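Undergrad: Provided below: my_file.cif, containing mmCIF, C-alpha atoms; chains and numbers go by the auth columns.
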data_final
#
loop_
_atom_site.group_PDB
_atom_site.id
_atom_site.type_symbol
_atom_site.label_atom_id
_atom_site.label_comp_id
_atom_site.label_asym_id
_atom_site.label_seq_id
_atom_site.Cartn_x
_atom_site.Cartn_y
_atom_site.Cartn_z
_atom_site.B_iso_or_equiv
_atom_site.auth_seq_id
_atom_site.auth_asym_id
ATOM 1 C CA MET A 1 69.479 -14.879 -26.206 0.00 215 I
ATOM 2 C CA ARG A 2 69.101 -12.560 -23.245 0.00 216 I
ATOM 3 C CA ILE A 3 65.869 -11.105 -24.615 0.00 217 I
ATOM 4 C CA ALA A 4 64.435 -14.592 -25.185 0.00 218 I
ATOM 5 C CA LEU A 5 65.223 -15.500 -21.572 0.00 219 I
ATOM 6 C CA LEU A 6 63.553 -12.325 -20.294 0.00 220 I
ATOM 7 C CA ILE A 7 60.467 -12.999 -22.428 0.00 221 I
ATOM 8 C CA LEU A 8 60.321 -16.602 -21.159 0.00 222 I
ATOM 9 C CA CYS A 9 60.563 -15.419 -17.534 0.00 223 I
ATOM 10 C CA ALA A 10 57.824 -12.828 -18.142 0.00 224 I
ATOM 11 C CA VAL A 11 55.519 -15.436 -19.711 0.00 225 I
ATOM 12 C CA ILE A 12 56.108 -17.854 -16.826 0.00 226 I
ATOM 13 C CA GLY A 13 55.467 -15.058 -14.317 0.00 227 I
ATOM 14 C CA MET A 14 52.225 -14.023 -16.032 0.00 228 I
ATOM 15 C CA ALA A 15 51.072 -17.653 -16.246 0.00 229 I
ATOM 16 C CA THR A 16 51.728 -18.098 -12.520 0.00 230 I
ATOM 17 C CA ILE A 17 49.747 -14.960 -11.668 0.00 231 I
ATOM 18 C CA ALA A 18 46.880 -16.044 -13.946 0.00 232 I
ATOM 19 C CA TYR A 19 46.907 -19.485 -12.289 0.00 233 I
ATOM 20 C CA TRP A 20 46.639 -17.983 -8.779 0.00 234 I
ATOM 21 C CA ILE A 21 43.899 -15.569 -9.819 0.00 235 I
ATOM 22 C CA SER A 22 41.799 -18.085 -11.784 0.00 236 I
ATOM 23 C CA ILE A 23 41.652 -20.823 -9.134 0.00 237 I
ATOM 24 C CA PRO A 24 39.743 -19.752 -6.015 0.00 238 I
ATOM 25 C CA ARG A 25 41.101 -20.541 -2.570 0.00 239 I
ATOM 26 C CA ASN A 26 39.948 -23.913 -1.135 0.00 240 I
ATOM 27 C CA SER A 27 38.869 -25.157 -4.580 0.00 241 I
ATOM 28 C CA PHE A 28 40.084 -27.916 -6.798 0.00 242 I
ATOM 29 C CA PHE A 29 39.288 -29.377 -10.194 0.00 243 I
ATOM 30 C CA ILE A 30 39.500 -33.069 -11.051 0.00 244 I
ATOM 31 C CA PHE A 31 40.058 -34.099 -14.652 0.00 245 I
ATOM 32 C CA SER A 32 39.790 -37.701 -15.862 0.00 246 I
ATOM 33 C CA ARG A 33 42.749 -38.869 -17.902 0.00 247 I
ATOM 34 C CA PRO A 34 42.473 -41.116 -20.971 0.00 248 I
ATOM 35 C CA GLY A 35 43.106 -44.715 -19.932 0.00 249 I
ATOM 36 C CA GLY A 36 42.003 -44.072 -16.348 0.00 250 I
ATOM 37 C CA GLY A 37 43.360 -42.104 -13.448 0.00 251 I
ATOM 38 C CA SER A 38 42.913 -38.422 -12.816 0.00 252 I
ATOM 39 C CA MET A 39 44.647 -35.093 -12.509 0.00 253 I
ATOM 40 C CA THR A 40 43.722 -32.764 -9.644 0.00 254 I
ATOM 41 C CA LEU A 41 44.404 -29.075 -10.043 0.00 255 I
ATOM 42 C CA SER A 42 44.268 -26.799 -7.003 0.00 256 I
ATOM 43 C CA ARG A 43 45.694 -23.457 -6.002 0.00 257 I
ATOM 44 C CA THR A 44 48.571 -25.180 -4.235 0.00 258 I
ATOM 45 C CA GLY A 45 49.528 -27.673 -6.922 0.00 259 I
ATOM 46 C CA VAL A 46 48.816 -30.403 -9.385 0.00 260 I
ATOM 47 C CA SER A 47 48.631 -34.103 -8.538 0.00 261 I
ATOM 48 C CA PHE A 48 48.238 -37.174 -10.701 0.00 262 I
ATOM 49 C CA GLU A 49 46.460 -40.338 -9.576 0.00 263 I
ATOM 50 C CA SER A 50 46.824 -43.665 -11.330 0.00 264 I
ATOM 51 C CA ALA A 51 43.773 -45.670 -12.322 0.00 265 I
ATOM 52 C CA PRO A 52 42.540 -48.318 -9.874 0.00 266 I
ATOM 53 C CA ALA A 53 43.019 -52.008 -10.612 0.00 267 I
ATOM 54 C CA HIS A 54 39.874 -53.166 -12.391 0.00 268 I
ATOM 55 C CA TYR A 55 38.514 -56.672 -11.862 0.00 269 I
ATOM 56 C CA ALA A 56 35.705 -57.329 -14.355 0.00 270 I
ATOM 57 C CA SER A 57 34.181 -60.177 -12.327 0.00 271 I
ATOM 58 C CA ASN A 58 34.556 -61.938 -8.975 0.00 272 I
ATOM 59 C CA GLY A 59 35.937 -58.805 -7.332 0.00 273 I
ATOM 60 C CA PHE A 60 35.858 -60.344 -3.847 0.00 274 I
ATOM 61 C CA ASP A 61 38.453 -62.935 -4.938 0.00 275 I
ATOM 62 C CA HIS A 62 41.065 -60.177 -5.339 0.00 276 I
ATOM 63 C CA LEU A 63 40.778 -58.457 -1.945 0.00 277 I
ATOM 64 C CA GLU A 64 43.163 -60.419 0.297 0.00 278 I
ATOM 65 C CA PRO A 65 46.518 -59.246 -1.171 0.00 279 I
ATOM 66 C CA TYR A 66 45.414 -55.617 -0.846 0.00 280 I
ATOM 67 C CA ILE A 67 44.219 -56.144 2.736 0.00 281 I
ATOM 68 C CA SER A 68 47.549 -57.795 3.633 0.00 282 I
ATOM 69 C CA LYS A 69 49.424 -54.810 2.211 0.00 283 I
ATOM 70 C CA LEU A 70 47.215 -52.382 4.129 0.00 284 I
ATOM 71 C CA LEU A 71 47.724 -54.236 7.427 0.00 285 I
ATOM 72 C CA ALA A 72 51.520 -54.376 7.093 0.00 286 I
ATOM 73 C CA THR A 73 52.921 -52.145 9.820 0.00 287 I
ATOM 74 C CA THR A 74 54.797 -49.312 8.183 0.00 288 I
ATOM 75 C CA ASN A 75 55.198 -45.626 8.844 0.00 289 I
ATOM 76 C CA GLY A 76 53.124 -43.217 6.856 0.00 290 I
ATOM 77 C CA TYR A 77 49.618 -43.110 5.515 0.00 291 I
ATOM 78 C CA ARG A 78 48.095 -45.905 3.419 0.00 292 I
ATOM 79 C CA PHE A 79 44.667 -46.196 1.865 0.00 293 I
ATOM 80 C CA LEU A 80 42.565 -48.793 0.110 0.00 294 I
ATOM 81 C CA HIS A 81 39.467 -47.851 -1.881 0.00 295 I
ATOM 82 C CA ILE A 82 37.100 -50.616 -2.968 0.00 296 I
ATOM 83 C CA PHE A 83 34.248 -49.541 -5.238 0.00 297 I
ATOM 84 C CA THR A 84 32.090 -50.707 -8.109 0.00 298 I
ATOM 85 C CA PRO A 85 33.344 -49.335 -11.445 0.00 299 I
ATOM 86 C CA ASP A 86 30.631 -46.639 -11.441 0.00 300 I
ATOM 87 C CA GLY A 87 31.919 -45.432 -8.045 0.00 301 I
ATOM 88 C CA LYS A 88 28.439 -45.554 -6.471 0.00 302 I
ATOM 89 C CA HIS A 89 28.913 -48.501 -4.111 0.00 303 I
ATOM 90 C CA GLY A 90 31.854 -49.320 -1.874 0.00 304 I
ATOM 91 C CA PHE A 91 33.988 -47.925 0.920 0.00 305 I
ATOM 92 C CA GLY A 92 37.525 -47.100 1.877 0.00 306 I
ATOM 93 C CA PHE A 93 40.166 -48.042 4.411 0.00 307 I
ATOM 94 C CA SER A 94 42.891 -45.816 5.765 0.00 308 I
ATOM 95 C CA ALA A 95 45.862 -46.827 7.903 0.00 309 I
ATOM 96 C CA ARG A 96 48.370 -44.806 9.858 0.00 310 I
ATOM 97 C CA ASP A 97 50.819 -45.928 12.557 0.00 311 I
ATOM 98 C CA GLY A 98 49.209 -49.343 12.992 0.00 312 I
ATOM 99 C CA ALA A 99 45.617 -48.076 13.226 0.00 313 I
ATOM 100 C CA VAL A 100 43.272 -49.122 10.410 0.00 314 I
ATOM 101 C CA GLU A 101 39.875 -47.513 9.849 0.00 315 I
ATOM 102 C CA ALA A 102 36.999 -48.468 7.567 0.00 316 I
ATOM 103 C CA SER A 103 35.179 -45.342 6.374 0.00 317 I
ATOM 104 C CA LEU A 104 31.712 -45.163 4.894 0.00 318 I
ATOM 105 C CA THR A 105 29.777 -42.122 3.752 0.00 319 I
ATOM 106 C CA VAL A 106 26.023 -41.644 3.842 0.00 320 I
ATOM 107 C CA GLU A 107 23.783 -38.923 2.437 0.00 321 I
ATOM 108 C CA TRP A 108 22.038 -38.861 5.799 0.00 322 I
ATOM 109 C CA ARG A 109 18.972 -36.859 4.738 0.00 323 I
ATOM 110 C CA GLN A 110 18.101 -39.377 1.999 0.00 324 I
ATOM 111 C CA GLU A 111 19.600 -42.543 3.509 0.00 325 I
ATOM 112 C CA ALA A 112 18.554 -42.580 7.159 0.00 326 I
ATOM 113 C CA GLN A 113 17.875 -46.327 7.061 0.00 327 I
ATOM 114 C CA ARG A 114 21.308 -47.048 5.539 0.00 328 I
ATOM 115 C CA GLU A 115 22.984 -45.011 8.279 0.00 329 I
ATOM 116 C CA ALA A 116 21.072 -46.984 10.927 0.00 330 I
ATOM 117 C CA THR A 117 22.070 -50.260 9.243 0.00 331 I
ATOM 118 C CA ILE A 118 25.762 -49.280 9.243 0.00 332 I
ATOM 119 C CA ARG A 119 25.609 -48.300 12.913 0.00 333 I
ATOM 120 C CA GLU A 120 23.811 -51.544 13.862 0.00 334 I
ATOM 121 C CA PHE A 121 26.280 -53.665 11.869 0.00 335 I
ATOM 122 C CA PHE A 122 29.331 -52.294 13.691 0.00 336 I
ATOM 123 C CA SER A 123 27.528 -52.166 17.039 0.00 337 I
ATOM 124 C CA SER A 124 26.829 -55.914 16.720 0.00 338 I
ATOM 125 C CA LEU A 125 30.610 -56.362 16.396 0.00 339 I
ATOM 126 C CA ARG A 126 31.156 -54.137 19.462 0.00 340 I
ATOM 127 C CA ILE A 127 32.935 -51.514 17.369 0.00 341 I
ATOM 128 C CA THR A 128 32.076 -47.873 18.025 0.00 342 I
ATOM 129 C CA PRO A 129 32.747 -45.067 15.532 0.00 343 I
ATOM 130 C CA SER A 130 36.232 -43.598 15.780 0.00 344 I
ATOM 131 C CA ARG A 131 35.013 -40.664 13.690 0.00 345 I
ATOM 132 C CA ASP A 132 31.442 -39.507 13.114 0.00 346 I
ATOM 133 C CA TYR A 133 30.809 -36.129 11.523 0.00 347 I
ATOM 134 C CA LEU A 134 28.875 -34.230 8.871 0.00 348 I
ATOM 135 C CA ALA A 135 30.637 -32.789 5.842 0.00 349 I
ATOM 136 C CA GLY A 136 29.656 -30.639 2.896 0.00 350 I
ATOM 137 C CA ASN A 137 29.030 -32.190 -0.501 0.00 351 I
ATOM 138 C CA GLY A 138 28.760 -30.211 -3.729 0.00 352 I
ATOM 139 C CA GLY A 139 28.222 -26.921 -1.942 0.00 353 I
ATOM 140 C CA VAL A 140 25.561 -28.363 0.369 0.00 354 I
ATOM 141 C CA PRO A 141 26.747 -28.028 3.984 0.00 355 I
ATOM 142 C CA ASP A 142 26.288 -31.004 6.307 0.00 356 I
ATOM 143 C CA ALA A 143 24.986 -33.199 3.467 0.00 357 I
ATOM 144 C CA THR A 144 27.218 -36.229 3.990 0.00 358 I
ATOM 145 C CA ARG A 145 27.875 -38.162 7.181 0.00 359 I
ATOM 146 C CA LEU A 146 31.246 -39.855 7.470 0.00 360 I
ATOM 147 C CA LEU A 147 31.394 -42.882 9.748 0.00 361 I
ATOM 148 C CA ALA A 148 34.805 -44.406 10.441 0.00 362 I
ATOM 149 C CA TYR A 149 35.445 -47.542 12.489 0.00 363 I
ATOM 150 C CA ARG A 150 38.770 -48.907 13.793 0.00 364 I
ATOM 151 C CA ILE A 151 39.382 -52.376 12.453 0.00 365 I
ATOM 152 C CA SER A 152 41.810 -54.964 13.770 0.00 366 I
ATOM 153 C CA GLY A 153 42.588 -58.603 13.144 0.00 367 I
ATOM 154 C CA SER A 154 44.577 -60.827 10.840 0.00 368 I
ATOM 155 C CA SER A 155 44.533 -60.462 7.090 0.00 369 I
ATOM 156 C CA VAL A 156 42.073 -63.354 6.835 0.00 370 I
ATOM 157 C CA GLU A 157 39.756 -61.803 9.465 0.00 371 I
ATOM 158 C CA VAL A 158 39.836 -58.307 7.955 0.00 372 I
ATOM 159 C CA THR A 159 39.280 -59.734 4.460 0.00 373 I
ATOM 160 C CA ALA A 160 36.216 -61.626 5.726 0.00 374 I
ATOM 161 C CA LEU A 161 34.933 -58.447 7.407 0.00 375 I
ATOM 162 C CA THR A 162 35.578 -56.475 4.196 0.00 376 I
ATOM 163 C CA LYS A 163 33.487 -58.941 2.208 0.00 377 I
ATOM 164 C CA ARG A 164 30.662 -58.616 4.757 0.00 378 I
ATOM 165 C CA ILE A 165 30.805 -54.796 4.606 0.00 379 I
ATOM 166 C CA LEU A 166 30.723 -54.857 0.808 0.00 380 I
ATOM 167 C CA ALA A 167 27.815 -57.314 0.700 0.00 381 I
ATOM 168 C CA GLU A 168 25.706 -56.236 3.679 0.00 382 I
ATOM 169 C CA LEU A 169 26.319 -52.473 3.762 0.00 383 I
ATOM 170 C CA CYS A 170 27.211 -51.616 0.158 0.00 384 I
ATOM 171 C CA GLY A 171 24.959 -54.094 -1.678 0.00 385 I
ATOM 172 C CA ILE A 172 27.763 -55.639 -3.743 0.00 386 I
ATOM 173 C CA VAL A 173 27.665 -59.330 -4.668 0.00 387 I
ATOM 174 C CA PRO A 174 30.883 -61.417 -4.692 0.00 388 I
ATOM 175 C CA THR A 175 30.795 -61.992 -8.460 0.00 389 I
ATOM 176 C CA GLU A 176 30.450 -58.277 -9.244 0.00 390 I
ATOM 177 C CA ALA A 177 33.189 -56.151 -10.819 0.00 391 I
ATOM 178 C CA LEU A 178 35.343 -54.052 -8.480 0.00 392 I
ATOM 179 C CA ASP A 179 37.843 -51.241 -8.848 0.00 393 I
ATOM 180 C CA ILE A 180 40.489 -51.506 -6.128 0.00 394 I
ATOM 181 C CA LYS A 181 43.027 -48.794 -5.438 0.00 395 I
ATOM 182 C CA TYR A 182 45.839 -49.062 -2.898 0.00 396 I
ATOM 183 C CA GLY A 183 48.100 -46.130 -2.259 0.00 397 I
ATOM 184 C CA THR A 184 50.466 -44.390 0.135 0.00 398 I
ATOM 185 C CA LYS A 185 51.105 -40.761 0.936 0.00 399 I
#
Written as structure tokens, how would this file's structure read?
TA:
Amino acid sequence: MRIALLILCAVIGMATIAYWISIPRNSFFIFSRPGGGSMTLSRTGVSFESAPAHYASNGFDHLEPYISKLLATTNGYRFLHIFTPDGKHGFGFSARDGAVEASLTVEWRQEAQREATIREFFSSLRITPSRDYLAGNGGVPDATRLLAYRISGSSVEVTALTKRILAELCGIVPTEALDIKYGTK
């Protein structure tokens, strides 16, 4: 029994060392799980994400309960991701300590007009970016611009604004399918 325990400890120790050696620092791997969701593997740990709620049609009709949940004042971090099922169109919200931000990303080298449209849209509402920076994407430094805007208002007002952002900035029609994911951290 003692030998089996020693062998088990040695195997676990070797697996841990192999794990640390095989995964480079500041890297992560995302694996899709059957039935939706994902598993993220990094040097510091493993995390599991559930699949988003999928609405096959009339996605806009399902937004308000998620917006209400996001706007509820609670401690901690909350997020709401609203995207087409292919993940190509949509945006995200984040909320912390009563502040809610809408965040959109733009491949600024290829989508200069889209970036200008986003800026004009929020400027017309007298909302300035709370965050505006370039980030790397797929090993390409400064490829993606992140624009975040502080949002306030009632659930009805923020839901109406969300529908406008989806339609006017993301090119999504109200009857289109949406994947909606709400979460906390």
Undergrad: Give the answer as one residue: which of I:Ala374, I:Ala313, I:Leu383, I:Ile296 has the shortest atom-to-atom distance to Glu325 in chain I, using all atoms listed in the file?
TA: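 Using all atoms listed in the file, Glu325 in chain I sits closest to I:Leu383.
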Undergrad: Set the distance at 12 Å and use only C-alpha atoms: which residues neighbour Asp275 in chain I once local chain neighbours fewer than 2 positions away are removed? I'd like the list as a count of residues only.
TA: 21
Undergrad: Kindly give the distance, in Å, that separates CA of Leu285 in chain I and CA of Val260 in chain I, rounded to a single decimal.
TA: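 So the two atoms, CA of Leu285 in chain I and CA of Val260 in chain I, lie 29.2 Å apart.
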Undergrad: On this structure, which residues satisfy the PyMOL selection byres ((chain I and resi 367) around 12), written as an MDAnalysis selection string?
TA: chainID I and resid 281:282 284:286 312:315 364:366 368:376
Undergrad: Once the PyMOL selection byres ((chain I and resi 319) around 10) has been applied to the shown file, what residues remain in the selection, as an MDAnalysis selection string?
TA: chainID I and resid 304:306 317:318 320:322 328:329 332 346:349 358:362
Undergrad: Would you compute the distance between CA of Ala316 in chain I and CA of Tyr363 in chain I? Give it in Å to one decimal.
TA: 5.2 Å
Undergrad: Calculate how many Å separate CA of Pro266 in chain I from CA of Gly353 in chain I, rounding to one decimal.
TA: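 Taking CA of Pro266 in chain I as the start and CA of Gly353 in chain I as the end point, the length is 26.9 Å.
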Undergrad: I'd like to know which of I:Ala309, I:Phe297, I:Asn351, I:Pro343 is closest to Gly385 in chain I, using all atoms listed in the file.
TA: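 Smallest distance to Gly385 in chain I is found for I:Phe297.
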Undergrad: Quick one: residues within 9 Å of Arg292 in chain I, all atoms listed in the file, excluding same-chain residues fewer than 4 positions away - as a PyMOL selection string?
TA: chain I and resi 284+288+307-310+396-399
